[in-house]
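Raw data01.txt, compact mmCIF, N, CA and C atoms:
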```
# COMPACT_ATOMS: atom_id res chain seq x y z
N MET D 25 -54.29 26.48 -12.42
CA MET D 25 -53.23 25.78 -11.73
C MET D 25 -53.83 24.56 -11.04
N SER D 26 -53.19 23.43 -11.18
CA SER D 26 -53.71 22.21 -10.57
C SER D 26 -53.42 22.21 -9.08
N GLU D 27 -54.15 21.38 -8.35
CA GLU D 27 -53.96 21.25 -6.90
C GLU D 27 -52.56 20.75 -6.57
N ARG D 28 -51.92 20.07 -7.51
CA ARG D 28 -50.62 19.47 -7.25
C ARG D 28 -49.46 20.40 -7.59
N THR D 29 -49.75 21.55 -8.16
CA THR D 29 -48.68 22.48 -8.51
C THR D 29 -47.97 22.95 -7.26
N ARG D 30 -46.67 22.79 -7.24
CA ARG D 30 -45.88 23.18 -6.07
C ARG D 30 -45.17 24.52 -6.27
N GLU D 31 -45.03 24.93 -7.52
CA GLU D 31 -44.35 26.19 -7.81
C GLU D 31 -45.14 26.95 -8.87
N ARG D 32 -44.95 28.25 -8.87
CA ARG D 32 -45.55 29.06 -9.93
C ARG D 32 -44.69 30.29 -10.16
N GLY D 33 -44.88 30.90 -11.29
CA GLY D 33 -44.03 32.00 -11.71
C GLY D 33 -44.57 33.38 -11.42
N THR D 34 -45.55 33.47 -10.53
CA THR D 34 -46.07 34.78 -10.14
C THR D 34 -46.07 34.87 -8.61
N PRO D 35 -45.83 36.05 -8.07
CA PRO D 35 -45.83 36.18 -6.61
C PRO D 35 -47.21 35.93 -6.02
N HIS D 36 -47.24 35.34 -4.87
CA HIS D 36 -48.51 35.10 -4.19
C HIS D 36 -48.93 36.32 -3.37
N TYR D 37 -47.95 37.04 -2.84
CA TYR D 37 -48.22 38.16 -1.95
C TYR D 37 -47.94 39.48 -2.66
N SER D 38 -48.77 40.46 -2.39
CA SER D 38 -48.61 41.80 -2.98
C SER D 38 -47.27 42.38 -2.56
N LEU D 39 -46.47 42.76 -3.54
CA LEU D 39 -45.17 43.34 -3.24
C LEU D 39 -45.32 44.64 -2.45
N ASP D 40 -46.34 45.42 -2.75
CA ASP D 40 -46.58 46.65 -1.99
C ASP D 40 -46.84 46.33 -0.51
N ALA D 41 -47.64 45.30 -0.25
CA ALA D 41 -47.93 44.91 1.14
C ALA D 41 -46.69 44.36 1.83
N VAL D 42 -45.89 43.60 1.10
CA VAL D 42 -44.65 43.05 1.66
C VAL D 42 -43.70 44.19 2.03
N ARG D 43 -43.47 45.09 1.10
CA ARG D 43 -42.56 46.22 1.37
C ARG D 43 -43.05 47.05 2.55
N ALA D 44 -44.35 47.29 2.61
CA ALA D 44 -44.91 48.08 3.72
C ALA D 44 -44.70 47.39 5.06
N ALA D 45 -44.92 46.07 5.09
CA ALA D 45 -44.73 45.32 6.34
C ALA D 45 -43.28 45.38 6.80
N PHE D 46 -42.35 45.17 5.89
CA PHE D 46 -40.93 45.19 6.27
C PHE D 46 -40.50 46.60 6.69
N THR D 47 -40.95 47.60 5.97
CA THR D 47 -40.61 48.98 6.31
C THR D 47 -41.11 49.33 7.71
N ALA D 48 -42.28 48.79 8.07
CA ALA D 48 -42.86 49.04 9.40
C ALA D 48 -42.25 48.14 10.48
N GLY D 49 -41.32 47.27 10.09
CA GLY D 49 -40.69 46.38 11.06
C GLY D 49 -41.51 45.16 11.41
N ARG D 50 -42.53 44.85 10.59
CA ARG D 50 -43.39 43.71 10.85
C ARG D 50 -42.84 42.47 10.16
N PHE D 51 -41.68 42.02 10.63
CA PHE D 51 -41.06 40.81 10.10
C PHE D 51 -40.15 40.23 11.17
N CYS D 52 -39.84 38.97 11.00
CA CYS D 52 -38.86 38.31 11.85
C CYS D 52 -38.06 37.37 10.96
N VAL D 53 -36.98 36.85 11.49
CA VAL D 53 -36.14 35.93 10.72
C VAL D 53 -36.02 34.63 11.49
N SER D 54 -35.81 33.55 10.77
CA SER D 54 -35.59 32.26 11.43
C SER D 54 -34.25 32.29 12.15
N GLY D 55 -34.06 31.36 13.08
CA GLY D 55 -32.79 31.26 13.78
C GLY D 55 -31.62 31.04 12.84
N ARG D 56 -31.85 30.23 11.82
CA ARG D 56 -30.80 29.96 10.84
C ARG D 56 -30.42 31.23 10.09
N VAL D 57 -31.42 32.01 9.69
CA VAL D 57 -31.15 33.27 9.00
C VAL D 57 -30.43 34.24 9.94
N PHE D 58 -30.85 34.30 11.20
CA PHE D 58 -30.20 35.19 12.15
C PHE D 58 -28.71 34.84 12.30
N GLY D 59 -28.41 33.56 12.40
CA GLY D 59 -27.01 33.13 12.48
C GLY D 59 -26.23 33.53 11.25
N HIS D 60 -26.85 33.38 10.09
CA HIS D 60 -26.19 33.75 8.83
C HIS D 60 -25.92 35.26 8.81
N LEU D 61 -26.90 36.05 9.26
CA LEU D 61 -26.71 37.50 9.31
C LEU D 61 -25.50 37.85 10.18
N LEU D 62 -25.41 37.23 11.35
CA LEU D 62 -24.30 37.50 12.26
C LEU D 62 -22.96 37.15 11.62
N ARG D 63 -22.89 35.99 10.97
CA ARG D 63 -21.64 35.57 10.32
C ARG D 63 -21.22 36.53 9.22
N ARG D 64 -22.18 37.12 8.54
CA ARG D 64 -21.88 38.06 7.46
C ARG D 64 -21.67 39.50 7.96
N GLY D 65 -21.92 39.73 9.23
CA GLY D 65 -21.81 41.09 9.76
C GLY D 65 -23.00 41.96 9.39
N TRP D 66 -24.10 41.32 9.02
CA TRP D 66 -25.31 42.04 8.66
C TRP D 66 -26.22 42.17 9.89
N LYS D 67 -27.14 43.11 9.81
CA LYS D 67 -28.12 43.33 10.87
C LYS D 67 -29.52 43.14 10.31
N LEU D 68 -30.50 43.16 11.20
CA LEU D 68 -31.89 43.08 10.73
C LEU D 68 -32.23 44.24 9.81
N ASP D 69 -31.58 45.38 10.02
CA ASP D 69 -31.80 46.52 9.12
C ASP D 69 -31.43 46.18 7.68
N THR D 70 -30.44 45.31 7.50
CA THR D 70 -30.04 44.90 6.15
C THR D 70 -31.20 44.19 5.46
N VAL D 71 -31.87 43.30 6.19
CA VAL D 71 -33.02 42.57 5.66
C VAL D 71 -34.13 43.56 5.34
N ARG D 72 -34.44 44.42 6.29
CA ARG D 72 -35.51 45.41 6.09
C ARG D 72 -35.24 46.27 4.86
N ASP D 73 -34.03 46.81 4.77
CA ASP D 73 -33.69 47.70 3.67
C ASP D 73 -33.73 46.99 2.32
N CYS D 74 -33.28 45.75 2.29
CA CYS D 74 -33.29 44.97 1.05
C CYS D 74 -34.73 44.73 0.58
N VAL D 75 -35.56 44.19 1.47
CA VAL D 75 -36.93 43.86 1.07
C VAL D 75 -37.72 45.13 0.75
N ALA D 76 -37.45 46.21 1.45
CA ALA D 76 -38.16 47.47 1.19
C ALA D 76 -37.87 48.02 -0.19
N THR D 77 -36.77 47.58 -0.80
CA THR D 77 -36.41 48.08 -2.14
C THR D 77 -36.62 47.05 -3.24
N LEU D 78 -37.29 45.93 -2.93
CA LEU D 78 -37.57 44.95 -3.98
C LEU D 78 -38.42 45.57 -5.08
N VAL D 79 -38.18 45.13 -6.31
CA VAL D 79 -38.99 45.54 -7.46
C VAL D 79 -39.53 44.27 -8.12
N PRO D 80 -40.60 44.37 -8.89
CA PRO D 80 -41.18 43.17 -9.50
C PRO D 80 -40.18 42.33 -10.28
N GLU D 81 -39.20 42.97 -10.90
CA GLU D 81 -38.21 42.22 -11.70
C GLU D 81 -37.30 41.34 -10.84
N ASP D 82 -37.28 41.56 -9.53
CA ASP D 82 -36.48 40.73 -8.62
C ASP D 82 -37.15 39.39 -8.32
N PHE D 83 -38.44 39.26 -8.66
CA PHE D 83 -39.17 38.03 -8.33
C PHE D 83 -38.57 36.84 -9.06
N TYR D 84 -38.48 35.71 -8.33
CA TYR D 84 -37.96 34.46 -8.90
C TYR D 84 -39.06 33.42 -9.04
N LYS D 85 -39.70 33.03 -7.92
CA LYS D 85 -40.79 32.06 -7.99
C LYS D 85 -41.52 31.99 -6.65
N SER D 86 -42.68 31.34 -6.65
CA SER D 86 -43.43 31.02 -5.44
C SER D 86 -43.47 29.51 -5.29
N GLN D 87 -43.42 29.05 -4.05
CA GLN D 87 -43.52 27.62 -3.75
C GLN D 87 -44.59 27.41 -2.69
N ARG D 88 -45.29 26.30 -2.79
CA ARG D 88 -46.22 25.94 -1.72
C ARG D 88 -45.43 25.60 -0.46
N HIS D 89 -45.97 26.00 0.69
CA HIS D 89 -45.38 25.62 1.97
C HIS D 89 -45.63 24.12 2.15
N VAL D 90 -44.63 23.38 2.60
CA VAL D 90 -44.78 21.92 2.68
C VAL D 90 -45.71 21.48 3.80
N SER D 91 -45.87 22.28 4.85
CA SER D 91 -46.69 21.81 5.97
C SER D 91 -47.87 22.73 6.32
N ARG D 92 -47.96 23.89 5.70
CA ARG D 92 -49.08 24.81 5.98
C ARG D 92 -49.95 24.92 4.73
N GLU D 93 -51.04 24.22 4.74
CA GLU D 93 -51.96 24.18 3.61
C GLU D 93 -52.40 25.59 3.21
N GLY D 94 -52.29 25.89 1.92
CA GLY D 94 -52.74 27.17 1.39
C GLY D 94 -51.75 28.31 1.56
N VAL D 95 -50.59 28.03 2.14
CA VAL D 95 -49.59 29.06 2.37
C VAL D 95 -48.48 28.92 1.34
N TRP D 96 -48.03 30.06 0.83
CA TRP D 96 -46.98 30.07 -0.18
C TRP D 96 -45.74 30.78 0.34
N LEU D 97 -44.62 30.46 -0.27
CA LEU D 97 -43.34 31.12 0.00
C LEU D 97 -42.99 31.91 -1.26
N ASP D 98 -42.78 33.20 -1.13
CA ASP D 98 -42.34 34.00 -2.28
C ASP D 98 -40.83 34.13 -2.21
N ILE D 99 -40.18 33.97 -3.36
CA ILE D 99 -38.73 33.99 -3.45
C ILE D 99 -38.31 35.07 -4.44
N TYR D 100 -37.38 35.90 -4.00
CA TYR D 100 -36.85 36.98 -4.83
C TYR D 100 -35.33 36.84 -4.92
N LYS D 101 -34.78 37.32 -6.02
CA LYS D 101 -33.33 37.35 -6.22
C LYS D 101 -32.90 38.78 -6.58
N PRO D 102 -32.87 39.66 -5.58
CA PRO D 102 -32.48 41.05 -5.86
C PRO D 102 -30.96 41.22 -5.87
N VAL D 103 -30.53 42.28 -6.50
CA VAL D 103 -29.14 42.74 -6.33
C VAL D 103 -29.22 43.86 -5.31
N PHE D 104 -28.55 43.67 -4.19
CA PHE D 104 -28.59 44.63 -3.09
C PHE D 104 -27.18 44.92 -2.64
N ARG D 105 -26.82 46.18 -2.65
CA ARG D 105 -25.46 46.61 -2.29
C ARG D 105 -24.41 45.84 -3.09
N GLY D 106 -24.72 45.63 -4.38
CA GLY D 106 -23.79 45.00 -5.30
C GLY D 106 -23.72 43.50 -5.24
N GLU D 107 -24.57 42.86 -4.45
CA GLU D 107 -24.54 41.40 -4.32
C GLU D 107 -25.89 40.81 -4.68
N CYS D 108 -25.87 39.72 -5.47
CA CYS D 108 -27.10 39.02 -5.82
C CYS D 108 -27.50 38.14 -4.63
N LEU D 109 -28.70 38.37 -4.12
CA LEU D 109 -29.18 37.66 -2.93
C LEU D 109 -30.33 36.72 -3.27
N TYR D 110 -30.57 35.80 -2.37
CA TYR D 110 -31.70 34.87 -2.44
C TYR D 110 -32.52 35.14 -1.18
N VAL D 111 -33.75 35.62 -1.36
CA VAL D 111 -34.59 36.03 -0.24
C VAL D 111 -35.92 35.27 -0.32
N LYS D 112 -36.22 34.52 0.74
CA LYS D 112 -37.47 33.74 0.77
C LYS D 112 -38.24 34.10 2.04
N PHE D 113 -39.54 34.37 1.89
CA PHE D 113 -40.35 34.71 3.06
C PHE D 113 -41.76 34.16 2.91
N THR D 114 -42.44 34.09 4.04
CA THR D 114 -43.81 33.60 4.11
C THR D 114 -44.53 34.43 5.17
N PRO D 115 -45.86 34.53 5.09
CA PRO D 115 -46.55 35.33 6.09
C PRO D 115 -46.59 34.64 7.46
N LEU D 116 -46.59 35.46 8.49
CA LEU D 116 -46.83 34.96 9.84
C LEU D 116 -48.34 34.79 10.01
N GLU D 117 -48.74 33.88 10.86
CA GLU D 117 -50.17 33.70 11.10
C GLU D 117 -50.74 34.94 11.78
N GLY D 118 -51.98 35.23 11.49
CA GLY D 118 -52.65 36.35 12.13
C GLY D 118 -52.31 37.71 11.55
N ASP D 119 -51.83 37.75 10.32
CA ASP D 119 -51.52 39.01 9.64
C ASP D 119 -50.54 39.87 10.45
N LEU D 120 -49.54 39.20 11.04
CA LEU D 120 -48.56 39.90 11.87
C LEU D 120 -47.31 40.31 11.11
N GLY D 121 -47.28 40.05 9.83
CA GLY D 121 -46.11 40.38 9.03
C GLY D 121 -45.57 39.14 8.33
N PHE D 122 -44.25 39.07 8.21
CA PHE D 122 -43.62 38.00 7.45
C PHE D 122 -42.44 37.39 8.20
N MET D 123 -42.19 36.13 7.92
CA MET D 123 -41.04 35.40 8.45
C MET D 123 -40.07 35.20 7.29
N VAL D 124 -38.81 35.60 7.48
CA VAL D 124 -37.78 35.40 6.47
C VAL D 124 -37.15 34.04 6.71
N LEU D 125 -37.23 33.18 5.70
CA LEU D 125 -36.71 31.82 5.80
C LEU D 125 -35.34 31.67 5.16
N SER D 126 -35.00 32.54 4.22
CA SER D 126 -33.68 32.55 3.59
C SER D 126 -33.30 33.99 3.29
N PHE D 127 -32.05 34.32 3.57
CA PHE D 127 -31.50 35.63 3.22
C PHE D 127 -30.00 35.42 3.10
N CYS D 128 -29.56 35.15 1.88
CA CYS D 128 -28.16 34.80 1.67
C CYS D 128 -27.76 35.16 0.24
N GLY D 129 -26.48 35.06 -0.03
CA GLY D 129 -26.02 35.24 -1.38
C GLY D 129 -26.61 34.16 -2.27
N ASP D 130 -27.02 34.53 -3.47
CA ASP D 130 -27.57 33.54 -4.40
C ASP D 130 -26.51 32.48 -4.67
N GLY D 131 -26.85 31.23 -4.43
CA GLY D 131 -25.91 30.13 -4.61
C GLY D 131 -25.28 29.66 -3.31
N GLU D 132 -25.37 30.46 -2.25
CA GLU D 132 -24.87 30.03 -0.94
C GLU D 132 -25.84 29.01 -0.34
N PRO D 133 -25.36 28.13 0.52
CA PRO D 133 -26.29 27.23 1.22
C PRO D 133 -27.30 28.04 2.03
N HIS D 134 -28.53 27.62 1.97
CA HIS D 134 -29.56 28.29 2.76
C HIS D 134 -30.50 27.25 3.27
```
Representation of the structure as structure tokens:
Amino acid sequence: MSERTRERGTPHYSLDAVRAAFTAGRFCVSGRVFGHLLRRGWKLDTVRDCVATLVPEDFYKSQRHVSREGVWLDIYKPVFRGECLYVKFTPLEGDLGFMVLSFCGDGEPH
């Protein structure tokens, strides 16, 4: 992969590690995601339960973080509770878990 590659078709983060972190509650959501959850009537448990059940086939792509050198964003498109979702997350600094940057219906503004 060249230094200029901004996307790739394989996950950067171990799905087992991601699921374990979310199951243990080691995640947070951006303010924008939190507002979206409230509007949809969803709770943080919805995010936790969705990510905890991700499977490799749900993976969509990885993108380089625009401002954090060496950091990637993993993006998944799972079907959860009958709805196709768009879920994007990145690790928190210091191995504290993950930050959810998008959690919405696939095709919704995020």
When you look at range 67-82 of chain D with a cut-off of 7 Å (counting only C-alpha atoms), what residues show up, excluding the ones that are within fewer than 3 positions of it in the same chain? I need them as a ChimeraX atom specification. /D:43,46-47,61,100-102,104
Among the residues D:Trp96, D:Trp66, D:Phe113, D:Phe51, the one that comes closest to Leu125 in chain D [using only C-alpha atoms]: D:Phe113
Near range 31-41 of chain D, within 6.5 Å and counting all atoms listed in the file, which residues show up once chain neighbours fewer than 6 positions away are dropped, as a list in words? Tyr84, Lys85, Ser86, Gln87, Arg88 and Asp98 of chain D
Please check which residues have atoms at most 6 Å from (-28.2, 34.3, 2.2) in the file's coordinates, counting all atoms listed in the file, and write them as a PyMOL selection string. chain D and resi 110+126-130
Alpha helix (DSSP H) residues, from DSSP on the backbone, in chain D, as a ChimeraX atom specification: /D:39-47,55-64,68-76
For Pro133 in chain D, which of D:Val90, D:Leu62, D:Gly118, D:Leu109 is the closest residue, counting only C-alpha atoms? D:Leu109
